[in-house]
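Some notes on the structure that comes next.
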Amino acid sequence: MTHKDIVIVGGGPAGLAAAIAAREQGVQDILILERDARLGGILNQCIHNGFGLHTFKEELTGPEYAERFEKKVYDAGIPYKLNTIVVNITKDRELTYINEEEGAVTIQAGAIILAMGCRERPRGALGLPGFRPAGVYTAGTAQRLMNIEGYMVGKEVVILGSGDIGLIMARRMTLEGAKVKVVAELMPYSGGLKRNIVQCLDDYGIPLKLSHTVTKIHGKERVTGITISEVGPDRRPIPGTEEYYSCDTLLLSCGLIPETELMKTAGITLNPVTSGPDVEDSLVTSVPGVFACGNVLHVHDLVDFVSEEAARAGKNAAAFLGNPEARSHSTKTMLKGINGVRYTVPEMLDIENMDPEVVVRFRVGDVYRNKSISVYYDDRKIRTIRKRVMAPGEMEQVMLTRDSFQGIGPVKEIRIAVEDPA
Amino acid sequence: MGENTYDVVIIGAGVTGAAVARELSRLKLHALVLERAEDVCSGTSKANSAIVHAGYDAMPGTMKAKMNVRGAELIRELSHTLDFPYRQNGSMILCFREEDKPKLTALYERGLANGVKEMRIISGDEARELEPALSKEVVAALLVPTGGIVCPFNLTIALAENAADNGVEFRFLTEVTDIQKDKDAYLLHVQTSGGASEIRTRYVVNASGVYADKFHNMVSEHKIHITARKGEYVLMDKEAGTLVSHTIFQLPNELGKGVLVTPTVHGNLLVGPDAVDLQDKEDTETTLPGMDDIKKRALQSVPDIPYRQMITGFAGLRAHEDGDDFILGEPEDAEGFFDAAGIESPGLSSAPAIGEYLAGLIQKKGGFQPNEQFISERKGFIEVAKLPMEERNALIRKNPKYGTIVCRCEQISEGEILDAIHRTLGATSLDGIKRRVRQGMGRCQAGFCTPRTMEILSRELGIPMEKVCKNQPGSEMIKG
């Protein structure tokens, strides 16, 4: 069986950044496996701008952002295989991939970095009632057909869900001559970034109807119209509030789900809130030597944070090769989101072995104004950060430093909470 | 025989029409199947419980009882000769109240009368031992080991493909608008996008599902009436597919017929159906109340169904005839016109038996000789992901397209999609590919593979992307 030091599953932004970071740590024997025909992942179809403000201090399009990382991979001569799908991973880090040239090949990896990204929640999973005609697309599929293949999926559009891709597609389709009639959002708040609401809906006069959902899809062959209804606090449609929109297309932007199929075969522990794996601060999963980063770990808003996170995974995978046992006997401190904080990534901190600074990312479960985020080490409140607005659509973060654990004795649990400011 | 003259014309390429066609292809005759949709298996046959009923349910002596028991036997054999997915997983009918136990016994006795073998009444505890996910409230159950599950698409496609390979013609997107008796023959008026034409045939087989009353009533004064009875279903991810291994029914009582919970032959979990009588025979809409109702009622059998794992919902129409039984054969006043009408549950299970029965009647009537070239076997679609690695590699070496995975969730390769398109009666639409090889049937519901599959279909059929359809013309995927 062939051996590779580090195998990276996925050649999108996370996989590329992880590969580059691992190479910077001196790992020579790296292999990136990408199922699409090109590197760059979902960024290739994100032709709008707004990428890279944190990383490069300038505004790039998705393909431009990807290109900067691709170039580093090419320049460093990091090997990659395209049109190659990984079909199995074991807990002993054996990995099987398939492509046209080689068929099915099993290799032994020293470390594995999982960077498979996420998928969109489809119509069926939402249980939307009505016919099942052509013209119902997830926003990302429509985006691919428009931006990569060059086809308009429709002329008159209703969008369900105010996730970022849906908002971006509302603007994109408008610019291409389609009429976007309304964006309906089940929740009383938007699921996307504030800047996207302003730049993609408000600027084009597209109405956003909060607390609304699709209650009927009309048209047997192709969509002919959509009925939306207001929902009550229980998120159930309120009879009598139905509004009909004639249209030929329904786009869905109702949530992203990490693509964790391969983790299941390896027996990696998954987090029911993020749907991604539980990880330590090193981004190692419950299986030693298998790391995760990017949208397969938890769904991000900004690719800049994906790149930063993935670089940590690459660096830590390299460290694992040098000393696989470094973390096997140390104590792990649990991180917990409470009181409005839905989850944290990482879920565990290895204080003994942690970096000088560890970023903890999380989302809140509701819209909060003028609240604060508090960090507790067991029952001790360590920090409080004032927040003017927090929303589920915007990822939050706090920094934990190694120094903050000096001289305070063992910490069993770290809690992060939304609180009223003192 | 002239271009538009046949011995037998079958109206409808659902499972019944395909089964009749396949049986007729054993004979030396000219047969034609007319289908208004773009593919086989496009009506009732495509949206149902996918159950091969053992045969305990129908009243002894009815056509339903006879056809069901024989049909279930035939499906078992055919799954080998025609190579389609079938599994004898056994059925269980749950009883929740002590006072309903006599009904369970009655069902058992009905099964015996119909010739169903190996049945047993078991206690609630025994039932839970076999199926740990069952409710604590189950007090007894009828265990029917001969019940099974099947892929309705591949059953229909296998029958139709084998019929076509043995000489039966198929015309799609062809709608019968009128039927007239003309001396010893029937004259069928048909409509296609190319215009109207007439087809002459000695015999007609009416296998037109919810529309069978329309065609029957064109030729007979003994009118029949079919109601489209809608049933909604929800389908769960494969992760939930092992929650139960048997098909779990509920004993019908005054509260209703009950809903079933079953694994599918491909490993998903299926819940449904309800039963709503419709005026509109095209109404396959799902509804919120309908889906909520079946979901709630299924929890009585299996309390922990993970509805979070739902990947799709659908609705199908059953062709319910007022007389409550299958109508098979010639009406008194329409010799040569063979009905297969009122084919509701257990219609899927019965289809091969109905085919055998009607083909037998037609052979007797027409005195047709055996078709010596008849080939009874057919090779099914290769499921690459299920092959052992060495076989998979050998296949990829022979045809590298089997190494290109298009559908990630179900791991369907381009090779399989090409096979679906280029076989006898190949797929011409996205749904056609999906039903043959399961591309897009997984948890992302074709989110990733739709653009790719559209490209393949466009390339292989030599049609522009704008003409690629989900199913029938009018269901174009691109509109711009």
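Ordering of the structure tokens sets the chain letters (A, B, ...); residue numbers start at 1 within each chain; ligands are numbered from 1 in the order shown.
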Report the closest atom pair, with its distance in Å rounded to one decimal, for each residue of chain A that has an atom no farther than 7 Å from chain B; count only C-alpha atoms, sort by chain and then rising residue number, and write it as JSON lines.
{"residue": "A:Asn83", "atom": "CA", "partner": "B:Thr404", "partner_atom": "CA", "distance": 7.0}
{"residue": "A:Ile98", "atom": "CA", "partner": "B:Gly403", "partner_atom": "CA", "distance": 6.1}
{"residue": "A:Asn99", "atom": "CA", "partner": "B:Gly403", "partner_atom": "CA", "distance": 4.8}
{"residue": "A:Glu100", "atom": "CA", "partner": "B:Gly403", "partner_atom": "CA", "distance": 4.3}
{"residue": "A:Glu101", "atom": "CA", "partner": "B:Pro400", "partner_atom": "CA", "distance": 6.8}
{"residue": "A:Gly103", "atom": "CA", "partner": "B:Asn393", "partner_atom": "CA", "distance": 5.1}
{"residue": "A:Ala104", "atom": "CA", "partner": "B:Asn393", "partner_atom": "CA", "distance": 6.0}
{"residue": "A:Arg119", "atom": "CA", "partner": "B:Cys444", "partner_atom": "CA", "distance": 6.9}
{"residue": "A:Glu120", "atom": "CA", "partner": "B:Cys444", "partner_atom": "CA", "distance": 6.9}
{"residue": "A:Arg121", "atom": "CA", "partner": "B:Cys444", "partner_atom": "CA", "distance": 6.8}
{"residue": "A:Pro122", "atom": "CA", "partner": "B:Cys444", "partner_atom": "CA", "distance": 6.0}
{"residue": "A:Gly124", "atom": "CA", "partner": "B:Thr312", "partner_atom": "CA", "distance": 3.5}
{"residue": "A:Ala125", "atom": "CA", "partner": "B:Ile311", "partner_atom": "CA", "distance": 4.4}
{"residue": "A:Gly127", "atom": "CA", "partner": "B:Gly313", "partner_atom": "CA", "distance": 6.5}
{"residue": "A:Pro129", "atom": "CA", "partner": "B:Thr287", "partner_atom": "CA", "distance": 4.8}
{"residue": "A:Gly130", "atom": "CA", "partner": "B:Glu285", "partner_atom": "CA", "distance": 4.4}
{"residue": "A:Phe131", "atom": "CA", "partner": "B:Glu285", "partner_atom": "CA", "distance": 4.5}
{"residue": "A:Pro133", "atom": "CA", "partner": "B:Ser475", "partner_atom": "CA", "distance": 6.7}
{"residue": "A:Ala134", "atom": "CA", "partner": "B:Ser475", "partner_atom": "CA", "distance": 5.3}
{"residue": "A:Gly135", "atom": "CA", "partner": "B:Met477", "partner_atom": "CA", "distance": 6.1}
{"residue": "A:Thr138", "atom": "CA", "partner": "B:Gly447", "partner_atom": "CA", "distance": 6.6}
{"residue": "A:Thr141", "atom": "CA", "partner": "B:Gly447", "partner_atom": "CA", "distance": 5.8}
{"residue": "A:Leu145", "atom": "CA", "partner": "B:Pro451", "partner_atom": "CA", "distance": 6.2}
{"residue": "A:Tyr151", "atom": "CA", "partner": "B:Ile478", "partner_atom": "CA", "distance": 6.7}
{"residue": "A:Met152", "atom": "CA", "partner": "B:Gly480", "partner_atom": "CA", "distance": 4.9}
{"residue": "A:Val153", "atom": "CA", "partner": "B:Ile478", "partner_atom": "CA", "distance": 4.5}
{"residue": "A:Gly154", "atom": "CA", "partner": "B:Lys479", "partner_atom": "CA", "distance": 4.6}
{"residue": "A:Lys155", "atom": "CA", "partner": "B:Gly480", "partner_atom": "CA", "distance": 6.0}
{"residue": "A:Glu221", "atom": "CA", "partner": "B:Ser475", "partner_atom": "CA", "distance": 4.4}
{"residue": "A:Arg222", "atom": "CA", "partner": "B:Ser475", "partner_atom": "CA", "distance": 4.7}
Keeping only N, CA, C and O atoms, write those residues as a short mmCIF file (atom, residue, chain, number, x, y, z; two decimals), in the first residue's frame.
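Resulting contents of selection38.cif:
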data_model
loop_
_atom_site.label_atom_id
_atom_site.label_comp_id
_atom_site.auth_asym_id
_atom_site.auth_seq_id
_atom_site.Cartn_x
_atom_site.Cartn_y
_atom_site.Cartn_z
N ASN A 83 -10.88 15.19 -10.43
CA ASN A 83 -11.87 14.17 -10.81
C ASN A 83 -11.68 12.89 -10.00
O ASN A 83 -11.83 11.79 -10.51
N ILE A 98 -11.22 6.98 -5.92
CA ILE A 98 -11.53 6.41 -7.24
C ILE A 98 -11.42 7.49 -8.29
O ILE A 98 -11.86 8.63 -8.08
N ASN A 99 -10.80 7.16 -9.40
CA ASN A 99 -10.87 8.03 -10.58
C ASN A 99 -10.77 7.17 -11.84
O ASN A 99 -10.63 5.95 -11.76
N GLU A 100 -10.91 7.83 -12.98
CA GLU A 100 -10.93 7.09 -14.25
C GLU A 100 -9.62 6.37 -14.53
O GLU A 100 -9.60 5.26 -15.03
N GLU A 101 -8.50 7.06 -14.25
CA GLU A 101 -7.19 6.55 -14.65
C GLU A 101 -6.76 5.36 -13.80
O GLU A 101 -6.19 4.40 -14.30
N GLY A 103 -8.72 3.77 -11.23
CA GLY A 103 -9.73 2.93 -10.59
C GLY A 103 -9.76 3.22 -9.10
O GLY A 103 -9.50 4.35 -8.68
N ALA A 104 -10.04 2.19 -8.31
CA ALA A 104 -10.09 2.37 -6.86
C ALA A 104 -8.72 2.08 -6.28
O ALA A 104 -8.13 1.04 -6.55
N ARG A 119 -23.07 20.85 1.76
CA ARG A 119 -24.07 20.79 0.70
C ARG A 119 -25.28 21.60 1.13
O ARG A 119 -25.39 22.01 2.29
N GLU A 120 -26.17 21.84 0.19
CA GLU A 120 -27.35 22.65 0.49
C GLU A 120 -28.51 21.76 0.91
O GLU A 120 -28.65 20.64 0.42
N ARG A 121 -29.35 22.30 1.77
CA ARG A 121 -30.54 21.54 2.17
C ARG A 121 -31.54 21.57 1.01
O ARG A 121 -31.92 22.64 0.55
N PRO A 122 -31.95 20.39 0.51
CA PRO A 122 -32.81 20.37 -0.67
C PRO A 122 -34.29 20.53 -0.34
O PRO A 122 -34.68 20.48 0.83
N GLY A 124 -36.77 18.54 -0.70
CA GLY A 124 -37.38 17.40 -0.02
C GLY A 124 -37.18 17.44 1.48
O GLY A 124 -38.09 17.13 2.25
N ALA A 125 -35.99 17.83 1.90
CA ALA A 125 -35.69 17.86 3.33
C ALA A 125 -36.48 18.95 4.03
O ALA A 125 -36.69 18.90 5.23
N GLY A 127 -39.53 19.59 3.24
CA GLY A 127 -40.93 19.16 3.26
C GLY A 127 -41.87 20.16 2.63
O GLY A 127 -43.02 20.28 3.03
N PRO A 129 -44.62 21.54 0.45
CA PRO A 129 -45.72 20.85 -0.23
C PRO A 129 -45.96 21.36 -1.65
O PRO A 129 -45.53 22.45 -2.01
N GLY A 130 -46.68 20.53 -2.42
CA GLY A 130 -47.04 20.92 -3.78
C GLY A 130 -46.55 19.91 -4.79
O GLY A 130 -46.17 18.79 -4.43
N PHE A 131 -46.55 20.32 -6.06
CA PHE A 131 -46.03 19.45 -7.12
C PHE A 131 -44.51 19.41 -7.06
O PHE A 131 -43.88 20.15 -6.31
N PRO A 133 -42.16 19.94 -9.82
CA PRO A 133 -41.82 20.29 -11.20
C PRO A 133 -40.35 20.67 -11.37
O PRO A 133 -39.62 20.81 -10.38
N ALA A 134 -39.94 20.84 -12.62
CA ALA A 134 -38.64 21.46 -12.90
C ALA A 134 -38.72 22.92 -12.48
O ALA A 134 -39.80 23.51 -12.46
N GLY A 135 -37.58 23.51 -12.19
CA GLY A 135 -37.57 24.92 -11.82
C GLY A 135 -37.40 25.16 -10.33
O GLY A 135 -37.38 26.29 -9.88
N THR A 138 -31.77 24.47 -5.63
CA THR A 138 -31.05 25.10 -4.53
C THR A 138 -30.23 26.23 -5.15
O THR A 138 -29.85 26.17 -6.32
N THR A 141 -26.89 25.35 -6.79
CA THR A 141 -26.99 24.64 -8.08
C THR A 141 -27.31 25.63 -9.19
O THR A 141 -26.71 25.58 -10.27
N LEU A 145 -25.04 26.58 -12.49
CA LEU A 145 -25.55 26.58 -13.87
C LEU A 145 -25.36 27.95 -14.53
O LEU A 145 -25.03 28.04 -15.71
N TYR A 151 -25.96 29.21 -18.12
CA TYR A 151 -27.38 29.11 -18.45
C TYR A 151 -28.25 29.80 -17.41
O TYR A 151 -28.02 29.66 -16.21
N MET A 152 -29.25 30.52 -17.89
CA MET A 152 -30.24 31.12 -17.00
C MET A 152 -31.22 30.02 -16.60
O MET A 152 -31.79 29.36 -17.46
N VAL A 153 -31.44 29.86 -15.31
CA VAL A 153 -32.38 28.82 -14.91
C VAL A 153 -33.82 29.29 -15.00
O VAL A 153 -34.74 28.47 -15.09
N GLY A 154 -34.05 30.61 -14.99
CA GLY A 154 -35.42 31.09 -15.09
C GLY A 154 -35.48 32.60 -15.20
O GLY A 154 -34.46 33.28 -15.11
N LYS A 155 -36.71 33.07 -15.42
CA LYS A 155 -36.92 34.51 -15.67
C LYS A 155 -37.65 35.21 -14.54
O LYS A 155 -37.51 36.40 -14.34
N GLU A 221 -45.29 20.40 -14.64
CA GLU A 221 -44.05 20.15 -15.37
C GLU A 221 -42.96 21.15 -14.97
O GLU A 221 -41.87 20.76 -14.62
N ARG A 222 -43.29 22.43 -15.09
CA ARG A 222 -42.36 23.48 -14.68
C ARG A 222 -43.09 24.36 -13.67
O ARG A 222 -44.31 24.51 -13.76
#
If we count only C-alpha atoms and set the cut-off at 12 Å, which residues sit around range 378-385 of chain A, ignoring sequence neighbours fewer than 3 positions away in its own chain? Please answer as a VMD selection string.
chain A and resid 333 to 336 370 to 375 388 to 390 396 to 401 404 to 405 408 to 422
Any chance you could export the current selection's N, CA and C atoms as a JSON list (two decimals), in the first residue's frame?
[["chain", "number", "residue", "atom", "x", "y", "z"],
["A", 333, "THR", "N", -10.12, 20.01, 28.12],
["A", 333, "THR", "CA", -11.14, 20.82, 28.77],
["A", 333, "THR", "C", -12.29, 21.05, 27.80],
["A", 334, "MET", "N", -13.50, 20.79, 28.25],
["A", 334, "MET", "CA", -14.65, 20.93, 27.36],
["A", 334, "MET", "C", -15.02, 22.41, 27.19],
["A", 335, "LEU", "N", -15.41, 22.76, 25.98],
["A", 335, "LEU", "CA", -15.96, 24.09, 25.73],
["A", 335, "LEU", "C", -17.45, 23.94, 25.51],
["A", 336, "LYS", "N", -18.20, 24.86, 26.06],
["A", 336, "LYS", "CA", -19.65, 24.71, 25.96],
["A", 336, "LYS", "C", -20.28, 26.05, 25.67],
["A", 370, "ASN", "N", -27.36, 44.88, 22.07],
["A", 370, "ASN", "CA", -26.77, 45.42, 23.29],
["A", 370, "ASN", "C", -26.63, 44.36, 24.39],
["A", 371, "LYS", "N", -26.00, 43.29, 24.03],
["A", 371, "LYS", "CA", -25.72, 42.23, 25.00],
["A", 371, "LYS", "C", -24.21, 42.06, 25.08],
["A", 372, "SER", "N", -23.80, 41.17, 25.92],
["A", 372, "SER", "CA", -22.36, 40.87, 25.94],
["A", 372, "SER", "C", -22.14, 39.37, 25.87],
["A", 373, "ILE", "N", -20.93, 39.05, 25.47],
["A", 373, "ILE", "CA", -20.48, 37.66, 25.45],
["A", 373, "ILE", "C", -19.55, 37.48, 26.64],
["A", 374, "SER", "N", -19.85, 36.51, 27.47],
["A", 374, "SER", "CA", -18.99, 36.26, 28.62],
["A", 374, "SER", "C", -18.31, 34.90, 28.49],
["A", 375, "VAL", "N", -17.06, 34.86, 28.96],
["A", 375, "VAL", "CA", -16.31, 33.62, 28.95],
["A", 375, "VAL", "C", -16.05, 33.21, 30.39],
["A", 388, "ARG", "N", -22.98, 45.08, 20.11],
["A", 388, "ARG", "CA", -24.14, 45.92, 19.77],
["A", 388, "ARG", "C", -25.24, 45.05, 19.16],
["A", 389, "VAL", "N", -24.88, 44.23, 18.16],
["A", 389, "VAL", "CA", -25.85, 43.31, 17.55],
["A", 389, "VAL", "C", -25.19, 41.96, 17.33],
["A", 390, "MET", "N", -25.92, 40.91, 17.66],
["A", 390, "MET", "CA", -25.47, 39.57, 17.28],
["A", 390, "MET", "C", -26.65, 38.88, 16.59],
["A", 396, "GLU", "N", -19.57, 34.52, 15.37],
["A", 396, "GLU", "CA", -18.86, 35.30, 16.38],
["A", 396, "GLU", "C", -17.59, 34.56, 16.78],
["A", 397, "GLN", "N", -16.67, 35.27, 17.43],
["A", 397, "GLN", "CA", -15.48, 34.58, 17.91],
["A", 397, "GLN", "C", -14.90, 35.24, 19.16],
["A", 398, "VAL", "N", -14.24, 34.43, 19.98],
["A", 398, "VAL", "CA", -13.45, 34.97, 21.09],
["A", 398, "VAL", "C", -12.08, 34.31, 21.02],
["A", 399, "MET", "N", -11.11, 35.00, 21.59],
["A", 399, "MET", "CA", -9.75, 34.47, 21.60],
["A", 399, "MET", "C", -9.42, 33.96, 23.00],
["A", 400, "LEU", "N", -8.92, 32.76, 23.10],
["A", 400, "LEU", "CA", -8.44, 32.25, 24.39],
["A", 400, "LEU", "C", -6.92, 32.18, 24.33],
["A", 401, "THR", "N", -6.27, 32.73, 25.35],
["A", 401, "THR", "CA", -4.80, 32.70, 25.35],
["A", 401, "THR", "C", -4.30, 31.65, 26.34],
["A", 404, "SER", "N", -3.82, 32.93, 29.85],
["A", 404, "SER", "CA", -4.96, 33.12, 30.74],
["A", 404, "SER", "C", -5.21, 31.92, 31.65],
["A", 405, "PHE", "N", -4.57, 30.80, 31.34],
["A", 405, "PHE", "CA", -4.75, 29.61, 32.18],
["A", 405, "PHE", "C", -3.62, 29.45, 33.20],
["A", 408, "ILE", "N", -4.02, 29.35, 37.57],
["A", 408, "ILE", "CA", -5.38, 29.33, 38.10],
["A", 408, "ILE", "C", -5.85, 27.90, 38.39],
["A", 409, "GLY", "N", -4.93, 26.96, 38.31],
["A", 409, "GLY", "CA", -5.31, 25.57, 38.61],
["A", 409, "GLY", "C", -6.07, 24.96, 37.46],
["A", 410, "PRO", "N", -6.44, 23.69, 37.61],
["A", 410, "PRO", "CA", -7.11, 23.01, 36.50],
["A", 410, "PRO", "C", -8.49, 23.60, 36.19],
["A", 411, "VAL", "N", -8.80, 23.67, 34.91],
["A", 411, "VAL", "CA", -10.12, 24.14, 34.47],
["A", 411, "VAL", "C", -10.85, 22.95, 33.85],
["A", 412, "LYS", "N", -12.05, 22.68, 34.35],
["A", 412, "LYS", "CA", -12.79, 21.52, 33.83],
["A", 412, "LYS", "C", -13.60, 21.87, 32.60],
["A", 413, "GLU", "N", -14.17, 23.08, 32.63],
["A", 413, "GLU", "CA", -15.10, 23.43, 31.55],
["A", 413, "GLU", "C", -15.00, 24.92, 31.26],
["A", 414, "ILE", "N", -15.03, 25.23, 29.96],
["A", 414, "ILE", "CA", -15.05, 26.63, 29.54],
["A", 414, "ILE", "C", -16.42, 26.89, 28.97],
["A", 415, "ARG", "N", -17.08, 27.94, 29.48],
["A", 415, "ARG", "CA", -18.44, 28.23, 28.99],
["A", 415, "ARG", "C", -18.47, 29.60, 28.35],
["A", 416, "ILE", "N", -19.22, 29.67, 27.27],
["A", 416, "ILE", "CA", -19.39, 30.95, 26.59],
["A", 416, "ILE", "C", -20.88, 31.24, 26.55],
["A", 417, "ALA", "N", -21.27, 32.45, 26.99],
["A", 417, "ALA", "CA", -22.69, 32.74, 27.16],
["A", 417, "ALA", "C", -23.03, 34.14, 26.67],
["A", 418, "VAL", "N", -24.28, 34.29, 26.24],
["A", 418, "VAL", "CA", -24.82, 35.62, 25.97],
["A", 418, "VAL", "C", -25.38, 36.14, 27.30],
["A", 419, "GLU", "N", -25.01, 37.36, 27.65],
["A", 419, "GLU", "CA", -25.51, 37.90, 28.92],
["A", 419, "GLU", "C", -25.90, 39.36, 28.78],
["A", 420, "ASP", "N", -26.69, 39.82, 29.74],
["A", 420, "ASP", "CA", -26.96, 41.26, 29.81],
["A", 420, "ASP", "C", -25.71, 41.95, 30.30],
["A", 421, "PRO", "N", -25.39, 43.11, 29.71],
["A", 421, "PRO", "CA", -24.18, 43.79, 30.16],
["A", 421, "PRO", "C", -24.34, 44.23, 31.62],
["A", 422, "ALA", "N", -23.25, 44.17, 32.34],
["A", 422, "ALA", "CA", -23.30, 44.54, 33.76],
["A", 422, "ALA", "C", -23.63, 46.03, 33.91]]
Enumerate, as number ranges by chain, the complete set of residues in range 65-301 of chain A that a backbone-based DSSP assignment places in strand (DSSP E or B).
A: 80-81, 85-89, 94-99, 103-114, 118-120, 130, 134, 136-138, 156-160, 179-185, 208-210, 212-218, 222, 225-231, 237, 243-246, 249-252, 256-258, 270, 277, 280, 284, 290-292
If you run DSSP on the backbone here, which positions in range 360-413 of chain B get alpha helix (DSSP H)? Please write them as a PyMOL selection string.
chain B and resi 360-366+389-398
Writer output for current selection, N, CA, C and O atoms, as a short mmCIF file (atom, residue, chain, number, x, y, z; two decimals), in the first residue's frame:
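Below is the file that was written, part-v1.cif:
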data_model
loop_
_atom_site.label_atom_id
_atom_site.label_comp_id
_atom_site.auth_asym_id
_atom_site.auth_seq_id
_atom_site.Cartn_x
_atom_site.Cartn_y
_atom_site.Cartn_z
N GLY B 360 -52.43 -14.78 -21.61
CA GLY B 360 -53.05 -16.09 -21.81
C GLY B 360 -54.39 -15.98 -22.52
O GLY B 360 -54.67 -16.74 -23.47
N LEU B 361 -55.21 -15.03 -22.09
CA LEU B 361 -56.51 -14.84 -22.73
C LEU B 361 -56.34 -14.44 -24.21
O LEU B 361 -57.06 -14.91 -25.08
N ILE B 362 -55.36 -13.58 -24.45
CA ILE B 362 -55.15 -13.09 -25.82
C ILE B 362 -54.61 -14.20 -26.71
O ILE B 362 -55.02 -14.35 -27.87
N GLN B 363 -53.74 -15.02 -26.16
CA GLN B 363 -53.20 -16.14 -26.94
C GLN B 363 -54.32 -17.09 -27.35
O GLN B 363 -54.41 -17.53 -28.50
N LYS B 364 -55.19 -17.36 -26.39
CA LYS B 364 -56.31 -18.27 -26.64
C LYS B 364 -57.20 -17.71 -27.74
O LYS B 364 -57.61 -18.41 -28.67
N LYS B 365 -57.46 -16.43 -27.63
CA LYS B 365 -58.36 -15.77 -28.56
C LYS B 365 -57.75 -15.72 -29.97
O LYS B 365 -58.42 -15.97 -30.96
N GLY B 366 -56.48 -15.35 -30.03
CA GLY B 366 -55.86 -15.10 -31.33
C GLY B 366 -55.14 -16.31 -31.89
O GLY B 366 -54.71 -16.28 -33.05
N MET B 389 -14.10 -4.31 -4.72
CA MET B 389 -13.11 -3.42 -5.32
C MET B 389 -12.45 -4.00 -6.57
O MET B 389 -12.24 -3.29 -7.54
N GLU B 390 -12.11 -5.31 -6.56
CA GLU B 390 -11.42 -5.88 -7.73
C GLU B 390 -12.33 -5.82 -8.96
O GLU B 390 -11.88 -5.45 -10.04
N GLU B 391 -13.62 -6.14 -8.73
CA GLU B 391 -14.56 -6.10 -9.86
C GLU B 391 -14.76 -4.67 -10.35
O GLU B 391 -14.86 -4.40 -11.54
N ARG B 392 -14.83 -3.77 -9.38
CA ARG B 392 -15.01 -2.36 -9.72
C ARG B 392 -13.83 -1.88 -10.56
O ARG B 392 -14.00 -1.20 -11.57
N ASN B 393 -12.63 -2.27 -10.14
CA ASN B 393 -11.44 -1.86 -10.88
C ASN B 393 -11.39 -2.48 -12.27
O ASN B 393 -11.01 -1.80 -13.24
N ALA B 394 -11.79 -3.73 -12.37
CA ALA B 394 -11.80 -4.38 -13.68
C ALA B 394 -12.76 -3.64 -14.61
O ALA B 394 -12.46 -3.41 -15.79
N LEU B 395 -13.88 -3.23 -14.06
CA LEU B 395 -14.88 -2.52 -14.85
C LEU B 395 -14.35 -1.14 -15.29
O LEU B 395 -14.51 -0.73 -16.44
N ILE B 396 -13.66 -0.46 -14.38
CA ILE B 396 -13.12 0.87 -14.70
C ILE B 396 -12.02 0.75 -15.76
O ILE B 396 -11.92 1.59 -16.65
N ARG B 397 -11.24 -0.33 -15.68
CA ARG B 397 -10.20 -0.53 -16.71
C ARG B 397 -10.85 -0.72 -18.08
O ARG B 397 -10.36 -0.22 -19.08
N LYS B 398 -11.96 -1.45 -18.08
CA LYS B 398 -12.65 -1.70 -19.35
C LYS B 398 -13.34 -0.44 -19.86
O LYS B 398 -13.32 -0.12 -21.04
#
Can you tell me, as a compact mmCIF listing (two decimals) with C-alpha atoms, in the first residue's frame, what residues are no more than 8 Å from Thr146 in chain B when counting only C-alpha atoms, ignoring any on the same chain fewer than 2 positions away?
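Output file result38.txt follows:
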# COMPACT_ATOMS: atom_id res chain seq x y z
CA ALA B 54 -47.79 -11.48 0.50
CA GLN B 88 -38.10 -10.68 0.82
CA ASN B 89 -37.94 -8.77 4.08
CA GLY B 90 -41.20 -10.04 5.55
CA SER B 91 -44.16 -8.02 6.72
CA VAL B 116 -50.18 -17.40 1.88
CA LYS B 117 -47.58 -19.57 3.55
CA GLU B 118 -45.54 -19.40 6.76
CA VAL B 144 -45.77 -12.72 7.19
CA GLY B 148 -41.22 -8.29 0.16
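Closest approach to Ile217 in chain A from the set A:Glu230, A:Asp366, A:Glu352, A:Asp248 is made by A:Asp248, with distances taken over only C-alpha atoms.
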Counting only C-alpha atoms, figure out which residue out of A:Val73, A:Val306, A:Val287, A:Met395 gets nearest to Phe51 in chain A.
A:Val306
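Contact shell of Asp92 in chain A at 10 Å (only C-alpha atoms; same-chain neighbours under 4 positions omitted): Gln108, Ala109, Gly110, Ala111, Ala266, Val287, Pro288, Gly289 and Val290 of chain A.
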Could you pull the residues within 12 Å of Lys257 in chain B, counting only C-alpha atoms, minus those fewer than 2 positions along the same chain, as JSON, numbers by chain?
{"B": [57, 93, 94, 231, 249, 250, 251, 252, 253, 254, 255, 259, 260, 272, 273, 274, 275, 276, 294, 297, 298]}
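Closest approach to Met187 in chain A from the set A:Gly276, A:Leu349, A:Ala391, A:Asp403 is made by A:Ala391, with distances taken over only C-alpha atoms.
For the choices B:Asp165, B:Asp178, B:Asp431, B:Glu383, the atom-to-atom distance to Glu38 in chain B is smallest for B:Asp431 when using only C-alpha atoms.
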CA of Arg235 in chain A to CA of Leu128 in chain A, distance in Å rounded to a single decimal
13.3 Å
